[in-house]
$ cat query38.cif   # mmCIF, C-alpha atoms
data_target
#
loop_
_atom_site.group_PDB
_atom_site.id
_atom_site.type_symbol
_atom_site.label_atom_id
_atom_site.label_comp_id
_atom_site.auth_asym_id
_atom_site.auth_seq_id
_atom_site.Cartn_x
_atom_site.Cartn_y
_atom_site.Cartn_z
ATOM 1 C CA MET R 557 -0.560 1.076 -0.682
ATOM 2 C CA ARG R 558 2.046 0.170 1.931
ATOM 3 C CA VAL R 559 3.592 -3.316 2.101
ATOM 4 C CA LEU R 560 5.997 -4.951 4.562
ATOM 5 C CA ILE R 561 8.379 -7.640 3.292
ATOM 6 C CA ALA R 562 10.065 -9.925 5.844
ATOM 7 C CA GLU R 563 12.462 -12.216 3.954
ATOM 8 C CA ASP R 564 15.945 -13.239 5.117
ATOM 9 C CA GLU R 565 17.237 -14.108 1.635
ATOM 10 C CA ARG R 566 18.700 -10.697 0.865
ATOM 11 C CA ASP R 567 18.775 -11.050 -2.913
ATOM 12 C CA LEU R 568 15.135 -12.130 -3.019
ATOM 13 C CA ASN R 569 14.219 -9.392 -0.538
ATOM 14 C CA ARG R 570 15.870 -6.783 -2.748
ATOM 15 C CA ILE R 571 14.211 -8.125 -5.928
ATOM 16 C CA LEU R 572 10.738 -8.084 -4.347
ATOM 17 C CA THR R 573 11.263 -4.652 -2.796
ATOM 18 C CA ASP R 574 12.469 -3.116 -6.060
ATOM 19 C CA ARG R 575 9.656 -4.693 -8.065
ATOM 20 C CA LEU R 576 6.923 -3.586 -5.676
ATOM 21 C CA LYS R 577 8.327 -0.058 -5.594
ATOM 22 C CA GLY R 578 8.313 -0.148 -9.393
ATOM 23 C CA GLU R 579 4.578 -0.901 -9.158
ATOM 24 C CA HIS R 580 4.177 2.231 -6.984
ATOM 25 C CA TYR R 581 3.803 0.483 -3.645
ATOM 26 C CA SER R 582 5.439 1.971 -0.568
ATOM 27 C CA VAL R 583 7.674 -0.782 0.821
ATOM 28 C CA ASP R 584 9.477 -1.490 4.089
ATOM 29 C CA SER R 585 11.685 -4.566 4.230
ATOM 30 C CA CYS R 586 13.459 -6.540 6.954
ATOM 31 C CA TYR R 587 15.345 -9.808 7.361
ATOM 32 C CA ASP R 588 14.072 -11.479 10.535
ATOM 33 C CA GLY R 589 10.836 -12.060 12.402
ATOM 34 C CA GLN R 590 11.610 -9.881 15.399
ATOM 35 C CA GLU R 591 12.323 -6.904 13.160
ATOM 36 C CA ALA R 592 9.054 -7.604 11.343
ATOM 37 C CA LEU R 593 7.145 -7.342 14.623
ATOM 38 C CA ASP R 594 8.899 -4.045 15.371
ATOM 39 C CA TYR R 595 7.761 -2.659 12.004
ATOM 40 C CA LEU R 596 4.210 -3.881 12.574
ATOM 41 C CA VAL R 597 4.034 -2.056 15.906
ATOM 42 C CA SER R 598 5.318 1.161 14.334
ATOM 43 C CA ALA R 599 3.125 1.445 11.234
ATOM 44 C CA GLU R 600 -0.037 0.302 9.487
ATOM 45 C CA TYR R 601 0.327 -1.874 6.384
ATOM 46 C CA ASP R 602 -2.079 -2.870 3.651
ATOM 47 C CA ALA R 603 -0.375 -6.240 3.202
ATOM 48 C CA VAL R 604 2.505 -8.248 4.704
ATOM 49 C CA ILE R 605 4.763 -10.747 2.931
ATOM 50 C CA LEU R 606 6.284 -13.180 5.448
ATOM 51 C CA ASP R 607 8.912 -15.813 4.809
ATOM 52 C CA ILE R 608 8.289 -18.784 7.100
ATOM 53 C CA MET R 609 11.937 -19.684 7.762
ATOM 54 C CA MET R 610 13.573 -16.590 9.290
ATOM 55 C CA PRO R 611 16.107 -16.056 12.092
ATOM 56 C CA LEU R 612 15.143 -14.889 15.611
ATOM 57 C CA LEU R 613 11.446 -15.468 14.970
ATOM 58 C CA ASP R 614 9.891 -17.504 12.173
ATOM 59 C CA GLY R 615 7.089 -16.251 9.969
ATOM 60 C CA LEU R 616 4.387 -18.399 11.558
ATOM 61 C CA SER R 617 5.242 -16.987 14.990
ATOM 62 C CA VAL R 618 5.009 -13.453 13.593
ATOM 63 C CA LEU R 619 1.663 -14.305 12.002
ATOM 64 C CA ARG R 620 0.276 -15.786 15.219
ATOM 65 C CA ALA R 621 1.417 -12.721 17.166
ATOM 66 C CA MET R 622 -0.398 -10.487 14.663
ATOM 67 C CA ARG R 623 -3.636 -12.425 14.922
ATOM 68 C CA ARG R 624 -3.497 -12.532 18.735
ATOM 69 C CA LYS R 625 -3.473 -8.712 18.614
ATOM 70 C CA ASN R 626 -6.496 -8.810 16.280
ATOM 71 C CA ASP R 627 -4.354 -7.479 13.448
ATOM 72 C CA SER R 628 -6.287 -8.535 10.350
ATOM 73 C CA THR R 629 -3.748 -7.204 7.810
ATOM 74 C CA PRO R 630 -3.650 -9.602 4.829
ATOM 75 C CA VAL R 631 -0.613 -11.903 4.996
ATOM 76 C CA LEU R 632 1.062 -13.792 2.167
ATOM 77 C CA LEU R 633 3.416 -16.534 3.381
ATOM 78 C CA LEU R 634 6.522 -17.530 1.446
ATOM 79 C CA THR R 635 7.726 -21.076 2.030
ATOM 80 C CA ALA R 636 10.325 -23.440 0.615
ATOM 81 C CA LYS R 637 8.206 -26.371 1.789
ATOM 82 C CA ASP R 638 5.452 -27.732 -0.413
ATOM 83 C CA SER R 639 3.843 -30.297 1.892
ATOM 84 C CA ILE R 640 0.113 -30.168 2.577
ATOM 85 C CA GLU R 641 0.859 -30.126 6.315
ATOM 86 C CA ASP R 642 2.945 -26.953 6.024
ATOM 87 C CA ARG R 643 0.314 -25.216 3.934
ATOM 88 C CA VAL R 644 -2.480 -26.175 6.326
ATOM 89 C CA GLN R 645 -0.393 -25.006 9.285
ATOM 90 C CA GLY R 646 0.113 -21.608 7.677
ATOM 91 C CA LEU R 647 -3.547 -21.144 6.765
ATOM 92 C CA ASP R 648 -4.667 -22.277 10.221
ATOM 93 C CA ALA R 649 -2.346 -19.672 11.757
ATOM 94 C CA GLY R 650 -4.256 -16.975 9.898
ATOM 95 C CA ALA R 651 -2.472 -16.581 6.554
ATOM 96 C CA ASN R 652 -4.564 -15.341 3.644
ATOM 97 C CA ASP R 653 -2.423 -16.959 0.969
ATOM 98 C CA TYR R 654 0.938 -18.624 0.416
ATOM 99 C CA LEU R 655 3.534 -19.076 -2.312
ATOM 100 C CA VAL R 656 6.033 -21.907 -2.616
ATOM 101 C CA LYS R 657 9.595 -20.989 -3.618
ATOM 102 C CA PRO R 658 10.758 -20.634 -6.297
ATOM 103 C CA PHE R 659 7.955 -18.515 -7.730
ATOM 104 C CA ALA R 660 7.440 -15.970 -10.491
ATOM 105 C CA VAL R 661 7.383 -12.372 -9.245
ATOM 106 C CA GLU R 662 4.414 -11.709 -11.547
ATOM 107 C CA GLU R 663 2.418 -14.309 -9.625
ATOM 108 C CA LEU R 664 3.327 -12.675 -6.321
ATOM 109 C CA LEU R 665 2.167 -9.291 -7.656
ATOM 110 C CA ALA R 666 -1.129 -10.829 -8.773
ATOM 111 C CA ARG R 667 -1.668 -12.412 -5.359
ATOM 112 C CA ILE R 668 -0.907 -9.109 -3.616
ATOM 113 C CA ARG R 669 -3.520 -7.384 -5.786
ATOM 114 C CA VAL R 670 -6.073 -10.009 -4.712
ATOM 115 C CA LEU R 671 -5.136 -9.590 -1.034
ATOM 116 C CA LEU R 672 -5.704 -5.853 -1.262
ATOM 117 C CA ARG R 673 -9.275 -6.265 -2.404
ATOM 118 C CA LYS R 674 -11.874 -5.894 0.323
ATOM 119 C CA PRO R 675 -13.610 -9.186 1.238
ATOM 120 C CA ALA R 676 -16.608 -10.128 -0.889
ATOM 121 C CA GLU R 677 -16.191 -6.998 -2.949
ATOM 122 C CA THR R 678 -15.893 -6.656 -6.682
ATOM 123 C CA PRO R 679 -12.806 -4.501 -7.141
ATOM 124 C CA LYS R 680 -13.777 -0.958 -8.051
ATOM 125 C CA THR R 681 -11.878 0.213 -11.104
ATOM 126 C CA CYS R 682 -13.110 3.809 -11.285
ATOM 127 C CA TYR R 683 -13.748 6.414 -8.603
ATOM 128 C CA GLN R 684 -15.596 9.633 -9.440
ATOM 129 C CA VAL R 685 -16.151 12.851 -7.479
ATOM 130 C CA ALA R 686 -17.899 15.674 -9.365
ATOM 131 C CA ASP R 687 -16.232 15.656 -12.814
ATOM 132 C CA LEU R 688 -13.013 14.015 -11.555
ATOM 133 C CA GLU R 689 -12.483 10.406 -12.645
ATOM 134 C CA VAL R 690 -9.674 8.197 -11.355
ATOM 135 C CA HIS R 691 -9.298 4.879 -13.170
ATOM 136 C CA MET R 692 -7.423 2.380 -10.983
ATOM 137 C CA ASP R 693 -6.704 -0.218 -13.641
ATOM 138 C CA THR R 694 -5.276 2.126 -16.285
ATOM 139 C CA ARG R 695 -4.032 4.840 -13.853
ATOM 140 C CA LYS R 696 -5.848 7.363 -16.028
ATOM 141 C CA VAL R 697 -7.129 10.579 -14.441
ATOM 142 C CA LEU R 698 -9.724 12.855 -16.076
ATOM 143 C CA ARG R 699 -11.047 16.241 -14.951
ATOM 144 C CA GLY R 700 -13.901 17.640 -16.962
ATOM 145 C CA GLY R 701 -13.231 14.964 -19.581
ATOM 146 C CA GLN R 702 -9.623 16.087 -20.081
ATOM 147 C CA GLU R 703 -6.774 13.763 -19.173
ATOM 148 C CA VAL R 704 -4.519 14.891 -16.312
ATOM 149 C CA LYS R 705 -0.930 13.621 -16.295
ATOM 150 C CA LEU R 706 0.304 12.697 -12.806
ATOM 151 C CA SER R 707 3.575 11.331 -11.474
ATOM 152 C CA GLY R 708 3.581 8.009 -9.623
ATOM 153 C CA LYS R 709 3.490 9.655 -6.176
ATOM 154 C CA GLU R 710 0.859 12.189 -7.256
ATOM 155 C CA PHE R 711 -1.373 9.379 -8.488
ATOM 156 C CA ALA R 712 -0.800 7.352 -5.292
ATOM 157 C CA LEU R 713 -1.785 10.361 -3.173
ATOM 158 C CA LEU R 714 -4.872 11.112 -5.272
ATOM 159 C CA ARG R 715 -5.879 7.436 -5.257
ATOM 160 C CA TYR R 716 -5.672 7.255 -1.470
ATOM 161 C CA MET R 717 -7.619 10.483 -1.030
ATOM 162 C CA ILE R 718 -10.425 9.563 -3.439
ATOM 163 C CA GLN R 719 -10.718 6.101 -1.881
ATOM 164 C CA ASN R 720 -11.268 7.963 1.398
ATOM 165 C CA GLU R 721 -13.590 10.622 -0.052
ATOM 166 C CA GLY R 722 -14.988 12.904 2.632
ATOM 167 C CA ILE R 723 -12.573 11.654 5.304
ATOM 168 C CA VAL R 724 -10.081 14.114 6.770
ATOM 169 C CA LEU R 725 -6.595 12.627 6.414
ATOM 170 C CA SER R 726 -3.780 13.956 8.575
ATOM 171 C CA ARG R 727 -0.364 14.733 7.110
ATOM 172 C CA ASP R 728 1.122 11.921 9.204
ATOM 173 C CA ARG R 729 -1.419 9.415 7.907
ATOM 174 C CA LEU R 730 -0.838 10.437 4.303
ATOM 175 C CA GLU R 731 2.936 10.368 4.674
ATOM 176 C CA GLU R 732 2.876 7.012 6.464
ATOM 177 C CA HIS R 733 0.740 5.496 3.728
ATOM 178 C CA LEU R 734 2.834 6.757 0.819
ATOM 179 C CA TRP R 735 6.427 6.578 2.009
ATOM 180 C CA ASN R 736 8.493 3.960 3.792
ATOM 181 C CA PHE R 737 10.716 4.416 6.847
ATOM 182 C CA ASP R 738 13.771 5.069 4.676
ATOM 183 C CA TYR R 739 12.257 8.246 3.260
ATOM 184 C CA ALA R 740 14.309 11.270 4.284
ATOM 185 C CA GLY R 741 12.192 14.083 2.847
ATOM 186 C CA GLY R 742 11.206 17.270 4.600
ATOM 187 C CA SER R 743 8.331 17.592 7.036
ATOM 188 C CA ASN R 744 6.275 19.506 4.444
ATOM 189 C CA VAL R 745 6.444 16.823 1.756
ATOM 190 C CA ILE R 746 2.687 16.201 1.863
ATOM 191 C CA ASP R 747 1.999 19.928 1.560
ATOM 192 C CA VAL R 748 4.222 20.013 -1.524
ATOM 193 C CA TYR R 749 2.405 17.132 -3.217
ATOM 194 C CA ILE R 750 -0.999 18.545 -2.268
ATOM 195 C CA ARG R 751 0.073 21.765 -3.984
ATOM 196 C CA TYR R 752 1.062 19.788 -7.097
ATOM 197 C CA LEU R 753 -2.315 18.025 -7.111
ATOM 198 C CA ARG R 754 -4.282 21.226 -6.641
ATOM 199 C CA LYS R 755 -2.508 22.801 -9.583
ATOM 200 C CA LYS R 756 -3.295 19.826 -11.822
ATOM 201 C CA ILE R 757 -6.726 18.828 -10.471
ATOM 202 C CA ASP R 758 -8.404 21.990 -9.184
ATOM 203 C CA GLU R 759 -6.836 24.918 -11.020
ATOM 204 C CA GLY R 760 -9.329 26.241 -13.579
ATOM 205 C CA HIS R 761 -12.097 23.895 -12.411
ATOM 206 C CA GLU R 762 -15.166 24.115 -10.192
ATOM 207 C CA PRO R 763 -15.999 22.819 -7.695
ATOM 208 C CA LYS R 764 -12.678 22.672 -5.868
ATOM 209 C CA LEU R 765 -12.118 19.144 -4.597
ATOM 210 C CA ILE R 766 -8.994 19.204 -2.414
ATOM 211 C CA HIS R 767 -9.604 21.074 0.840
ATOM 212 C CA THR R 768 -7.425 21.987 3.807
ATOM 213 C CA VAL R 769 -8.886 21.341 7.245
ATOM 214 C CA ARG R 770 -6.948 23.669 9.502
ATOM 215 C CA GLY R 771 -5.023 21.807 12.187
ATOM 216 C CA ALA R 772 -6.224 18.419 10.934
ATOM 217 C CA GLY R 773 -5.070 17.708 7.409
ATOM 218 C CA TYR R 774 -6.691 17.406 3.990
ATOM 219 C CA VAL R 775 -9.906 16.028 2.550
ATOM 220 C CA LEU R 776 -11.129 15.326 -0.977
ATOM 221 C CA LYS R 777 -14.808 16.145 -1.444
ATOM 222 C CA ALA R 778 -17.043 18.087 -3.790
ATOM 223 C CA GLU R 779 -18.501 20.432 -1.150
ATOM 224 C CA ASN R 780 -16.816 23.694 -0.165
#

$ encode --input "query38.cif" --output "structure tokens"
Amino acid sequence: MRVLIAEDERDLNRILTDRLKGEHYSVDSCYDGQEALDYLVSAEYDAVILDIMMPLLDGLSVLRAMRRKNDSTPVLLLTAKDSIEDRVQGLDAGANDYLVKPFAVEELLARIRVLLRKPAETPKTCYQVADLEVHMDTRKVLRGGQEVKLSGKEFALLRYMIQNEGIVLSRDRLEEHLWNFDYAGGSNVIDVYIRYLRKKIDEGHEPKLIHTVRGAGYVLKAEN
């Protein structure tokens, strides 16, 4: 899952960025509203954390610009103001949730998890394709009933692929979803991680689940 943080308090920005990365999110961060808009034009995000009081362009202006473009990405507003008027203004502008500073980082993480759930949907905790099971809550992966140990990035890649079962995902889409703009890896990084996953998920098992679609990307499905 990819998250954008726009917060001009650099210490708080760093704390939130480090904590979200520690929870295996891919994170981009910036310090003003104009930069936030630039990021939003350049990439797709699963959630956006916007501070209201930022230089160049405030968070509400960024939010309104997003909604005018029909960008429905979930937005969590951070505000130092706790008046009902400020909260109503933020929600009317299209925010999905808000937090008043100071706040506990654990609460922010919980609110992000709620934002990432699809509307009116009970969060799915286990995905299964053939005899592959991926448990989202415990991060446990089983193939043929045997546990498969994955690194954080391997699990993130597998999670994204199984959530998009049967959909061909390009290398660019996979890389964009799993790494932030600061990543300086090679152009074949997705191929490398696909190879790791195949070794751990498919080697010695039938049917094969991770398939290459020549010229298009990769797909996870049970059919050959």

$ residues_near_point --input "query38.cif" --point "(-4.9, 20.4, -2.9)" --cutoff "10 Å" --atoms "all atoms listed in the file" --output "VMD selection string"
chain R and resid 714 746 to 759 764 to 768 774 to 776

$ closest_atom_pairs --input "query38.cif" --of "segment 624-726 of chain R" --to "segment 582-591 of chain R" --cutoff "12 Å" --atoms "only C-alpha atoms" --output "tab-separated table"
residue	atom	partner	partner_atom	distance
R:Gly708	CA	R:Ser582	CA	11.0
R:Lys709	CA	R:Ser582	CA	9.7
R:Ala712	CA	R:Ser582	CA	9.5
R:Leu713	CA	R:Ser582	CA	11.4

$ residues_around --input "query38.cif" --residues "segment 618-627 of chain R" --least-positions-apart "4" --cutoff "7 Å" --atoms "only C-alpha atoms" --output "PDB file with C-alpha atoms, in the frame of the given file"
ATOM      1  CA  GLY R 589      10.836 -12.060  12.402  1.00  0.00           C
ATOM      2  CA  LEU R 593       7.145  -7.342  14.623  1.00  0.00           C
ATOM      3  CA  LEU R 613      11.446 -15.468  14.970  1.00  0.00           C
ATOM      4  CA  ASP R 614       9.891 -17.504  12.173  1.00  0.00           C
ATOM      5  CA  ALA R 649      -2.346 -19.672  11.757  1.00  0.00           C
ATOM      6  CA  GLY R 650      -4.256 -16.975   9.898  1.00  0.00           C
TER       7      GLY R 650
END

$ resolve_selection --input "query38.cif" --expression "the PyMOL selection byres ((chain R and resi 559) around 7)" --output "PyMOL selection string"
chain R and resi 557-558+560-561+581-584+601-604

$ closest_residue --input "query38.cif" --among "R:Asp594, R:Glu762, R:Glu662, R:Glu689" --to "Phe711 of chain R" --atoms "only C-alpha atoms"
R:Glu689

$ atom_distance --input "query38.cif" --atom1 "atom CA of Leu655 of chain R" --atom2 "atom CA of Asp642 of chain R"
11.5 Å

$ residues_around --input "query38.cif" --residues "Leu688 of chain R" --least-positions-apart "5" --cutoff "7 Å" --atoms "only C-alpha atoms" --output "list in words"
Leu698, Arg699 and Gly700 of chain R

$ resolve_selection --input "query38.cif" --expression "the PyMOL selection byres ((chain R and resi 645) around 12)" --output "short mmCIF file (atom, residue, chain, number, x, y, z; two decimals) with C-alpha atoms, keeping the file's coordinate frame"
data_model
loop_
_atom_site.label_atom_id
_atom_site.label_comp_id
_atom_site.auth_asym_id
_atom_site.auth_seq_id
_atom_site.Cartn_x
_atom_site.Cartn_y
_atom_site.Cartn_z
CA ILE R 608 8.29 -18.78 7.10
CA GLY R 615 7.09 -16.25 9.97
CA LEU R 616 4.39 -18.40 11.56
CA SER R 617 5.24 -16.99 14.99
CA LEU R 619 1.66 -14.30 12.00
CA ARG R 620 0.28 -15.79 15.22
CA LEU R 633 3.42 -16.53 3.38
CA THR R 635 7.73 -21.08 2.03
CA LYS R 637 8.21 -26.37 1.79
CA ASP R 638 5.45 -27.73 -0.41
CA SER R 639 3.84 -30.30 1.89
CA ILE R 640 0.11 -30.17 2.58
CA GLU R 641 0.86 -30.13 6.32
CA ASP R 642 2.94 -26.95 6.02
CA ARG R 643 0.31 -25.22 3.93
CA VAL R 644 -2.48 -26.18 6.33
CA GLY R 646 0.11 -21.61 7.68
CA LEU R 647 -3.55 -21.14 6.76
CA ASP R 648 -4.67 -22.28 10.22
CA ALA R 649 -2.35 -19.67 11.76
CA GLY R 650 -4.26 -16.98 9.90
CA ALA R 651 -2.47 -16.58 6.55
CA ASN R 652 -4.56 -15.34 3.64
CA ASP R 653 -2.42 -16.96 0.97
CA TYR R 654 0.94 -18.62 0.42
#

$ closest_residue --input "query38.cif" --among "R:Asp693, R:Asp574, R:Glu710, R:Glu779" --to "Gly722 of chain R" --atoms "all atoms listed in the file"
R:Glu779

$ closest_residue --input "query38.cif" --among "R:Val656, R:Val690, R:Ile718, R:Leu671" --to "Val704 of chain R" --atoms "only C-alpha atoms"
R:Val690

$ atom_distance --input "query38.cif" --atom1 "atom CA of Tyr683 of chain R" --atom2 "atom CA of Gln719 of chain R"
7.4 Å

$ atom_distance --input "query38.cif" --atom1 "atom CA of Leu606 of chain R" --atom2 "atom CA of Asp564 of chain R"
9.7 Å

$ closest_residue --input "query38.cif" --among "R:Glu600, R:His761, R:Thr681, R:Val661" --to "Gly701 of chain R" --atoms "all atoms listed in the file"
R:His761

$ axis_aligned_box --input "query38.cif" --around "segment 572-582 of chain R" --padding-each-side "5 Å" --output "AutoDock Vina command-line options"
--center_x 8.1 --center_y -2.9 --center_z -5.0 --size_x 18.7 --size_y 20.3 --size_z 18.8

$ closest_residue --input "query38.cif" --among "R:Glu703, R:Glu721, R:Asp687, R:Glu563" --to "Lys777 of chain R" --atoms "all atoms listed in the file"
R:Glu721

$ decode --input "query38.cif" --residues "segment 648-716 of chain R" --atoms "C-alpha atoms" --output "CSV table (one decimal), in the first residue's frame"
chain,number,residue,atom,x,y,z
R,648,ASP,CA,-17.3,19.2,3.8
R,649,ALA,CA,-14.2,19.6,1.6
R,650,GLY,CA,-14.1,15.8,1.1
R,651,ALA,CA,-11.9,14.5,3.9
R,652,ASN,CA,-12.6,10.9,5.1
R,653,ASP,CA,-11.3,11.4,8.6
R,654,TYR,CA,-9.3,13.8,10.7
R,655,LEU,CA,-7.0,13.8,13.7
R,656,VAL,CA,-6.3,16.6,16.1
R,657,LYS,CA,-2.7,17.2,17.2
R,658,PRO,CA,-1.1,16.0,19.3
R,659,PHE,CA,-2.2,12.4,18.6
R,660,ALA,CA,-0.9,8.9,19.3
R,661,VAL,CA,0.8,7.3,16.2
R,662,GLU,CA,-1.0,4.1,17.0
R,663,GLU,CA,-4.3,5.9,16.5
R,664,LEU,CA,-3.2,7.2,13.2
R,665,LEU,CA,-2.2,3.7,12.0
R,666,ALA,CA,-5.6,2.4,13.1
R,667,ARG,CA,-7.4,5.2,11.1
R,668,ILE,CA,-5.2,4.5,8.1
R,669,ARG,CA,-6.2,0.8,8.2
R,670,VAL,CA,-9.9,1.8,8.3
R,671,LEU,CA,-9.4,4.2,5.3
R,672,LEU,CA,-7.9,1.5,3.3
R,673,ARG,CA,-10.9,-0.7,3.6
R,674,LYS,CA,-13.3,-0.7,0.7
R,675,PRO,CA,-16.6,1.1,1.4
R,676,ALA,CA,-19.3,-1.1,3.0
R,677,GLU,CA,-17.0,-4.1,2.9
R,678,THR,CA,-16.1,-6.4,5.7
R,679,PRO,CA,-12.3,-6.4,5.6
R,680,LYS,CA,-11.1,-9.7,4.0
R,681,THR,CA,-8.4,-11.3,6.2
R,682,CYS,CA,-7.5,-14.3,4.0
R,683,TYR,CA,-7.1,-14.7,0.3
R,684,GLN,CA,-6.8,-18.1,-1.3
R,685,VAL,CA,-5.9,-19.2,-4.8
R,686,ALA,CA,-5.6,-23.0,-5.3
R,687,ASP,CA,-3.7,-24.2,-2.2
R,688,LEU,CA,-2.0,-20.8,-1.6
R,689,GLU,CA,-3.3,-18.9,1.5
R,690,VAL,CA,-2.3,-15.4,2.3
R,691,HIS,CA,-3.5,-14.2,5.8
R,692,MET,CA,-3.6,-10.4,5.9
R,693,ASP,CA,-4.0,-10.0,9.6
R,694,THR,CA,-1.1,-12.3,10.7
R,695,ARG,CA,1.0,-11.9,7.5
R,696,LYS,CA,1.1,-15.7,7.4
R,697,VAL,CA,1.5,-17.5,4.0
R,698,LEU,CA,0.8,-21.2,3.4
R,699,ARG,CA,1.3,-23.3,0.3
R,700,GLY,CA,-0.1,-26.8,0.4
R,701,GLY,CA,-0.6,-26.3,4.2
R,702,GLN,CA,3.1,-25.5,4.7
R,703,GLU,CA,4.1,-22.1,6.0
R,704,VAL,CA,6.2,-20.0,3.6
R,705,LYS,CA,8.6,-17.4,5.1
R,706,LEU,CA,8.6,-14.1,3.1
R,707,SER,CA,10.4,-10.8,3.6
R,708,GLY,CA,8.4,-7.6,4.0
R,709,LYS,CA,8.7,-6.7,0.3
R,710,GLU,CA,8.0,-10.2,-0.8
R,711,PHE,CA,4.8,-10.3,1.2
R,712,ALA,CA,3.8,-6.8,0.0
R,713,LEU,CA,4.2,-7.9,-3.6
R,714,LEU,CA,2.3,-11.2,-3.1
R,715,ARG,CA,-0.4,-9.4,-1.2
R,716,TYR,CA,-0.9,-6.9,-4.0
